[in-house]
Amino acid sequence: MEISKQGSLLKNPINILLMLSGLVMIGCSSANSPDSAPASYLSVPVAHPVKMNITEWDEYSGRFRAMKRVEVRARVSGFIDAVKFKDGDMVKKGDVLFIIDQRPFNIALQQAKAQLEQAKAQEKQAQSSFERVKSLQGSKAISQEEFDGREQALYAASAQVEAARANVSNAELNLQFTVVRAPISGKVSEDYVNAGNLISGGTDQATLLTTIVSLDPIYFYFEGSESAFNKYSSYNEGNIEGSRVTIQLLGEEGFTHEGKLDFTDNEVDLGTGTIQARAILQNSDYSIESGMFGSAKLAGTGEHEAILIPDAVIGTDQSQKIVFVLADSNKVQAKPVQLGPLYNKDLRIVRSGLSTDDQIITGNILKIRPGMTVAPESREIVGLTKN
């Protein structure tokens with residue numbers, strides 16, 4: 001009777017499905033039982049810190065400034081006759097920039113020359129008159145008063161000649177000043193005064209015509225703290241001029257422009273506690289303009305041995321910096337570290353807290369915690385290019 005009942009149950013499709021689902025559930029529960037295979041650990045990349053000889057660099061922000069900057073003004077007044085340059089041209093010392101109407105100055109020169117000839121004629125007449133009385137002085141044919149008068153007249157005529165010569169020189173100089181030339185080599189700005197305009201010249205209120213700045217070489221000015229200045233002075237035995245400086249422009253990837261420190265100011269600013277310094281560098285392609293912003297790196301130490309790790313692996317635990325390392329039994333351990341500056345854009349200098357025997361965890365940082373067991377995978381630290 002029992003066998004026939006079971007056979008009838010198996011003939012029912014619904015009963016068969018219920019039996020199969022029960023078997024599946026039993027299989028799943030047995031797979032998740034404590035006696036099944038152990039779960040896999042989180043895989044993390046690990047690497048040893050790098051020890052190498054480096055030079056530490058301090059970074060400062062500053063601006064470029066032309067070695068020379070000249071405001072071009074005329075020395076004589078008059079109407080601008082011609083402008084002989086294009087806005088933004090590179091000019092050389094002595095190049096013609098402006099020409100002022102020369103006609104009035106030519107006339108003044110001719111007048112001065114005529115006055116000189118007149119003064120020479122008067123001097124010649126006075127000389128002849130004096131020679132006549134000079135020959136008669138021994139015979140007492142003329143009085144001493146007459147002799148002295150003619151002698152003084154000759155001196156006065158000679159003085160008039162010298163004054164007339166000075167007037168000619170002045171008129172010639174003014175005529176030369178009607179041609180305004182570049183006082184230095186460099187890049188010229190726009191013409192602030194166009195042809196046809198009347199300008200004033202020769203005074204402190206003279207009309208500004210344009211400006212010229214020299215570009216090669218060029219200065220880079222920046223400010224450093226008093227403590228930094230003392231450090232450099234101690235490192236360089238009191239003379240930091242000549243130290244190597246590398247400079248990066250806005251938008252550039254690296255510090256590709258090289259120069260040297262050539263000046264430090266003679267006092268520390270009482271308000272800011274900083275001292276101004278200046279580097280000089282070549283700019284033969286004129287790619288750097290006066291007034292541009294840049295960042296400079298100055299060697300803060302001599303070459304020494306240091307431990308480097310990727311800056312991205314450094315974490316923070318309250319007020320201290322930590323690095324996760326691989327401890328015994330592949331467990332995660334947080335080690336406090338004392339850090340130095342960035343060596344390059346990827347690597348950070350470690351002052352203390354790590355050795356080259358430590359294995360630092362370089363990936364999956366957000367997924368790990370102290371005491372957690374992980375599966376390490378050995379890697380090498382990249383980004384070891386020297387500054």
# chains A, B, ... in the order shown; residues from 1 in each chain; ligands from 1
$ residues_around --residues "Ile307 (chain A)" --least-positions-apart "5" --cutoff "12 Å" --atoms "only C-alpha atoms" --output "VMD selection string"
chain A and resid 48 to 54 337 to 343 347 to 358 381 384
$ select_by_dssp --residues "region 61-307 of chain A" --states "helix (DSSP H, G or I)" --output "PyMOL selection string"
chain A and resi 103-136+144-177+226-235
$ select_by_dssp --residues "region 29-117 of chain A" --states "strand (DSSP E or B)" --output "JSON, numbers by chain"
{"A": [42, 43, 44, 45, 46, 47, 50, 51, 52, 53, 54, 57, 58, 59, 60, 61, 62, 63, 64, 65, 66, 69, 70, 71, 72, 73, 78, 79, 80, 81, 82, 83, 90, 91, 96, 97, 98, 99, 100]}
$ write_last_selection --atoms "N, CA and C atoms" --output "mmCIF file, in the first residue's frame"
data_model
loop_
_atom_site.group_PDB
_atom_site.id
_atom_site.type_symbol
_atom_site.label_atom_id
_atom_site.label_comp_id
_atom_site.auth_asym_id
_atom_site.auth_seq_id
_atom_site.Cartn_x
_atom_site.Cartn_y
_atom_site.Cartn_z
ATOM 1 N N LEU A 42 41.696 39.880 0.502
ATOM 2 C CA LEU A 42 41.821 41.019 -0.416
ATOM 3 C C LEU A 42 43.243 41.104 -0.947
ATOM 4 N N SER A 43 43.379 41.191 -2.248
ATOM 5 C CA SER A 43 44.692 41.292 -2.875
ATOM 6 C C SER A 43 45.148 42.751 -2.861
ATOM 7 N N VAL A 44 46.377 43.005 -2.354
ATOM 8 C CA VAL A 44 46.918 44.363 -2.295
ATOM 9 C C VAL A 44 48.340 44.372 -2.833
ATOM 10 N N PRO A 45 48.717 45.392 -3.576
ATOM 11 C CA PRO A 45 50.108 45.519 -4.030
ATOM 12 C C PRO A 45 50.988 46.056 -2.906
ATOM 13 N N VAL A 46 52.184 45.520 -2.769
ATOM 14 C CA VAL A 46 53.116 45.978 -1.745
ATOM 15 C C VAL A 46 54.463 46.249 -2.407
ATOM 16 N N ALA A 47 55.242 47.145 -1.808
ATOM 17 C CA ALA A 47 56.560 47.494 -2.345
ATOM 18 C C ALA A 47 57.428 48.007 -1.210
ATOM 19 N N VAL A 50 62.027 53.210 -1.297
ATOM 20 C CA VAL A 50 63.248 53.371 -2.090
ATOM 21 C C VAL A 50 64.235 54.249 -1.332
ATOM 22 N N LYS A 51 65.477 53.815 -1.277
ATOM 23 C CA LYS A 51 66.543 54.635 -0.691
ATOM 24 C C LYS A 51 67.471 55.066 -1.817
ATOM 25 N N MET A 52 67.695 56.381 -1.933
ATOM 26 C CA MET A 52 68.568 56.888 -2.990
ATOM 27 C C MET A 52 69.150 58.228 -2.585
ATOM 28 N N ASN A 53 70.213 58.636 -3.261
ATOM 29 C CA ASN A 53 70.842 59.932 -3.014
ATOM 30 C C ASN A 53 70.065 61.013 -3.762
ATOM 31 N N ILE A 54 69.649 62.030 -3.049
ATOM 32 C CA ILE A 54 68.848 63.100 -3.642
ATOM 33 C C ILE A 54 69.333 64.459 -3.147
ATOM 34 N N TRP A 57 64.818 70.242 -2.781
ATOM 35 C CA TRP A 57 64.588 71.555 -3.390
ATOM 36 C C TRP A 57 63.434 72.258 -2.684
ATOM 37 N N ASP A 58 63.625 73.536 -2.424
ATOM 38 C CA ASP A 58 62.557 74.371 -1.866
ATOM 39 C C ASP A 58 61.895 75.140 -3.001
ATOM 40 N N GLU A 59 60.580 75.289 -2.929
ATOM 41 C CA GLU A 59 59.842 75.913 -4.027
ATOM 42 C C GLU A 59 59.293 77.279 -3.597
ATOM 43 N N TYR A 60 59.410 78.237 -4.499
ATOM 44 C CA TYR A 60 58.952 79.604 -4.250
ATOM 45 C C TYR A 60 58.194 80.117 -5.472
ATOM 46 N N SER A 61 57.273 81.028 -5.207
ATOM 47 C CA SER A 61 56.528 81.672 -6.290
ATOM 48 C C SER A 61 57.052 83.091 -6.479
ATOM 49 N N GLY A 62 57.033 83.550 -7.708
ATOM 50 C CA GLY A 62 57.520 84.897 -7.981
ATOM 51 C C GLY A 62 57.139 85.354 -9.372
ATOM 52 N N ARG A 63 57.715 86.467 -9.792
ATOM 53 C CA ARG A 63 57.413 87.028 -11.111
ATOM 54 C C ARG A 63 58.700 87.431 -11.823
ATOM 55 N N PHE A 64 58.623 87.369 -13.131
ATOM 56 C CA PHE A 64 59.733 87.786 -13.963
ATOM 57 C C PHE A 64 59.704 89.308 -14.118
ATOM 58 N N ARG A 65 60.883 89.868 -14.204
ATOM 59 C CA ARG A 65 61.001 91.315 -14.383
ATOM 60 C C ARG A 65 62.172 91.602 -15.319
ATOM 61 N N ALA A 66 61.968 92.551 -16.190
ATOM 62 C CA ALA A 66 63.024 92.899 -17.145
ATOM 63 C C ALA A 66 64.232 93.472 -16.411
ATOM 64 N N ARG A 69 64.181 98.600 -18.053
ATOM 65 C CA ARG A 69 62.899 99.110 -18.546
ATOM 66 C C ARG A 69 63.028 100.618 -18.710
ATOM 67 N N VAL A 70 62.741 101.102 -19.913
ATOM 68 C CA VAL A 70 62.937 102.520 -20.212
ATOM 69 C C VAL A 70 61.632 103.113 -20.716
ATOM 70 N N GLU A 71 61.275 104.265 -20.163
ATOM 71 C CA GLU A 71 60.166 105.060 -20.701
ATOM 72 C C GLU A 71 60.745 106.033 -21.723
ATOM 73 N N VAL A 72 60.313 105.898 -22.947
ATOM 74 C CA VAL A 72 60.861 106.711 -24.035
ATOM 75 C C VAL A 72 60.123 108.046 -24.096
ATOM 76 N N ARG A 73 60.863 109.134 -23.907
ATOM 77 C CA ARG A 73 60.306 110.487 -23.970
ATOM 78 C C ARG A 73 61.221 111.337 -24.857
ATOM 79 N N GLY A 78 57.567 119.335 -30.108
ATOM 80 C CA GLY A 78 57.259 119.491 -31.524
ATOM 81 C C GLY A 78 56.169 118.525 -31.953
ATOM 82 N N PHE A 79 55.893 118.513 -33.246
ATOM 83 C CA PHE A 79 54.894 117.623 -33.812
ATOM 84 C C PHE A 79 55.550 116.320 -34.263
ATOM 85 N N ILE A 80 54.915 115.188 -33.928
ATOM 86 C CA ILE A 80 55.416 113.897 -34.393
ATOM 87 C C ILE A 80 55.237 113.817 -35.907
ATOM 88 N N ASP A 81 56.344 113.601 -36.603
ATOM 89 C CA ASP A 81 56.314 113.534 -38.057
ATOM 90 C C ASP A 81 56.151 112.107 -38.564
ATOM 91 N N ALA A 82 56.762 111.130 -37.864
ATOM 92 C CA ALA A 82 56.691 109.739 -38.311
ATOM 93 C C ALA A 82 56.974 108.808 -37.138
ATOM 94 N N VAL A 83 56.346 107.631 -37.189
ATOM 95 C CA VAL A 83 56.614 106.537 -36.243
ATOM 96 C C VAL A 83 57.285 105.423 -37.028
ATOM 97 N N MET A 90 60.820 93.843 -31.750
ATOM 98 C CA MET A 90 62.112 93.759 -31.064
ATOM 99 C C MET A 90 63.024 94.792 -31.713
ATOM 100 N N VAL A 91 63.572 95.687 -30.926
ATOM 101 C CA VAL A 91 64.409 96.758 -31.450
ATOM 102 C C VAL A 91 65.796 96.663 -30.835
ATOM 103 N N VAL A 96 65.769 103.915 -34.875
ATOM 104 C CA VAL A 96 64.896 105.089 -34.893
ATOM 105 C C VAL A 96 63.468 104.667 -34.550
ATOM 106 N N LEU A 97 62.872 105.360 -33.577
ATOM 107 C CA LEU A 97 61.499 105.066 -33.160
ATOM 108 C C LEU A 97 60.524 106.147 -33.627
ATOM 109 N N PHE A 98 60.884 107.411 -33.399
ATOM 110 C CA PHE A 98 60.018 108.540 -33.767
ATOM 111 C C PHE A 98 60.873 109.614 -34.443
ATOM 112 N N ILE A 99 60.228 110.371 -35.318
ATOM 113 C CA ILE A 99 60.858 111.556 -35.900
ATOM 114 C C ILE A 99 59.934 112.745 -35.654
ATOM 115 N N ILE A 100 60.506 113.787 -35.040
ATOM 116 C CA ILE A 100 59.766 115.024 -34.777
ATOM 117 C C ILE A 100 60.051 115.996 -35.924
#
$ closest_atom_pairs --of "region 98-146 of chain A" --to "region 161-177 of chain A" --cutoff "6 Å" --atoms "only C-alpha atoms" --output "CSV"
residue,atom,partner,partner_atom,distance
A:Phe105,CA,A:Leu175,CA,5.4
A:Leu109,CA,A:Ala171,CA,4.8
A:Ala112,CA,A:Val168,CA,4.9
A:Lys113,CA,A:Val168,CA,5.8
A:Leu116,CA,A:Ala164,CA,4.6
A:Ala119,CA,A:Val161,CA,4.9
A:Lys120,CA,A:Val161,CA,5.7
$ closest_atom_pairs --of "region 256-369 of chain A" --to "region 373-376 of chain A" --cutoff "10 Å" --atoms "only C-alpha atoms" --output "JSON lines"
{"residue": "A:Leu326", "atom": "CA", "partner": "A:Pro376", "partner_atom": "CA", "distance": 8.0}
{"residue": "A:Ala327", "atom": "CA", "partner": "A:Thr373", "partner_atom": "CA", "distance": 9.3}
{"residue": "A:Asp328", "atom": "CA", "partner": "A:Thr373", "partner_atom": "CA", "distance": 9.6}
{"residue": "A:Ser329", "atom": "CA", "partner": "A:Thr373", "partner_atom": "CA", "distance": 7.4}
{"residue": "A:Asn330", "atom": "CA", "partner": "A:Thr373", "partner_atom": "CA", "distance": 5.5}
{"residue": "A:Lys331", "atom": "CA", "partner": "A:Thr373", "partner_atom": "CA", "distance": 4.3}
{"residue": "A:Val332", "atom": "CA", "partner": "A:Thr373", "partner_atom": "CA", "distance": 6.3}
{"residue": "A:Gln333", "atom": "CA", "partner": "A:Thr373", "partner_atom": "CA", "distance": 9.9}
{"residue": "A:Gln359", "atom": "CA", "partner": "A:Pro376", "partner_atom": "CA", "distance": 9.4}
{"residue": "A:Ile361", "atom": "CA", "partner": "A:Pro376", "partner_atom": "CA", "distance": 8.2}
{"residue": "A:Ile368", "atom": "CA", "partner": "A:Val374", "partner_atom": "CA", "distance": 8.3}
{"residue": "A:Arg369", "atom": "CA", "partner": "A:Thr373", "partner_atom": "CA", "distance": 9.1}
$ write_last_selection --atoms "C-alpha atoms" --output "PDB file, in the first residue's frame"
ATOM      1  CA  LEU A 326      52.525  44.469   5.822  1.00  0.00           C
ATOM      2  CA  ALA A 327      53.127  42.935   9.260  1.00  0.00           C
ATOM      3  CA  ASP A 328      53.465  39.305  10.397  1.00  0.00           C
ATOM      4  CA  SER A 329      50.945  36.810   8.971  1.00  0.00           C
ATOM      5  CA  ASN A 330      50.134  39.259   6.180  1.00  0.00           C
ATOM      6  CA  LYS A 331      48.238  41.537   8.522  1.00  0.00           C
ATOM      7  CA  VAL A 332      47.848  45.273   7.937  1.00  0.00           C
ATOM      8  CA  GLN A 333      49.698  47.601  10.315  1.00  0.00           C
ATOM      9  CA  GLN A 359      56.677  46.496   2.791  1.00  0.00           C
ATOM     10  CA  ILE A 361      50.807  48.767   0.827  1.00  0.00           C
ATOM     11  CA  ILE A 368      41.985  47.999   4.261  1.00  0.00           C
ATOM     12  CA  ARG A 369      42.184  48.597   7.989  1.00  0.00           C
TER      13      ARG A 369
END
$ closest_residue --among "A:Glu377, A:Asp87, A:Asp148, A:Asp101" --to "Thr210 (chain A)" --atoms "only C-alpha atoms"
A:Asp87
$ atom_distance --atom1 "CA of Tyr219 (chain A)" --atom2 "CA of Asp204 (chain A)"
27.9 Å
$ residues_around --residues "region 280-291 of chain A" --least-positions-apart "4" --cutoff "9 Å" --atoms "only C-alpha atoms" --output "VMD selection string"
chain A and resid 63 to 67 213 to 221 245 249 257 to 263
$ closest_residue --among "A:Val313, A:Arg278, A:Glu117, A:Thr246" --to "Ile365 (chain A)" --atoms "only C-alpha atoms"
A:Val313
$ closest_atom_pairs --of "region 111-222 of chain A" --to "region 74-77 of chain A" --cutoff "7 Å" --atoms "only C-alpha atoms" --output "Markdown table"
| residue | atom | partner | partner_atom | distance |
| --- | --- | --- | --- | --- |
| A:Asn174 | CA | A:Val76 | CA | 6.6 |
| A:Phe177 | CA | A:Arg75 | CA | 6.0 |
| A:Thr178 | CA | A:Val76 | CA | 6.7 |
| A:Val180 | CA | A:Ala74 | CA | 6.5 |
| A:Ile199 | CA | A:Ser77 | CA | 5.6 |
| A:Ser200 | CA | A:Ser77 | CA | 4.3 |
| A:Gly201 | CA | A:Val76 | CA | 4.4 |
| A:Gly202 | CA | A:Arg75 | CA | 4.0 |
| A:Ala206 | CA | A:Ala74 | CA | 6.8 |
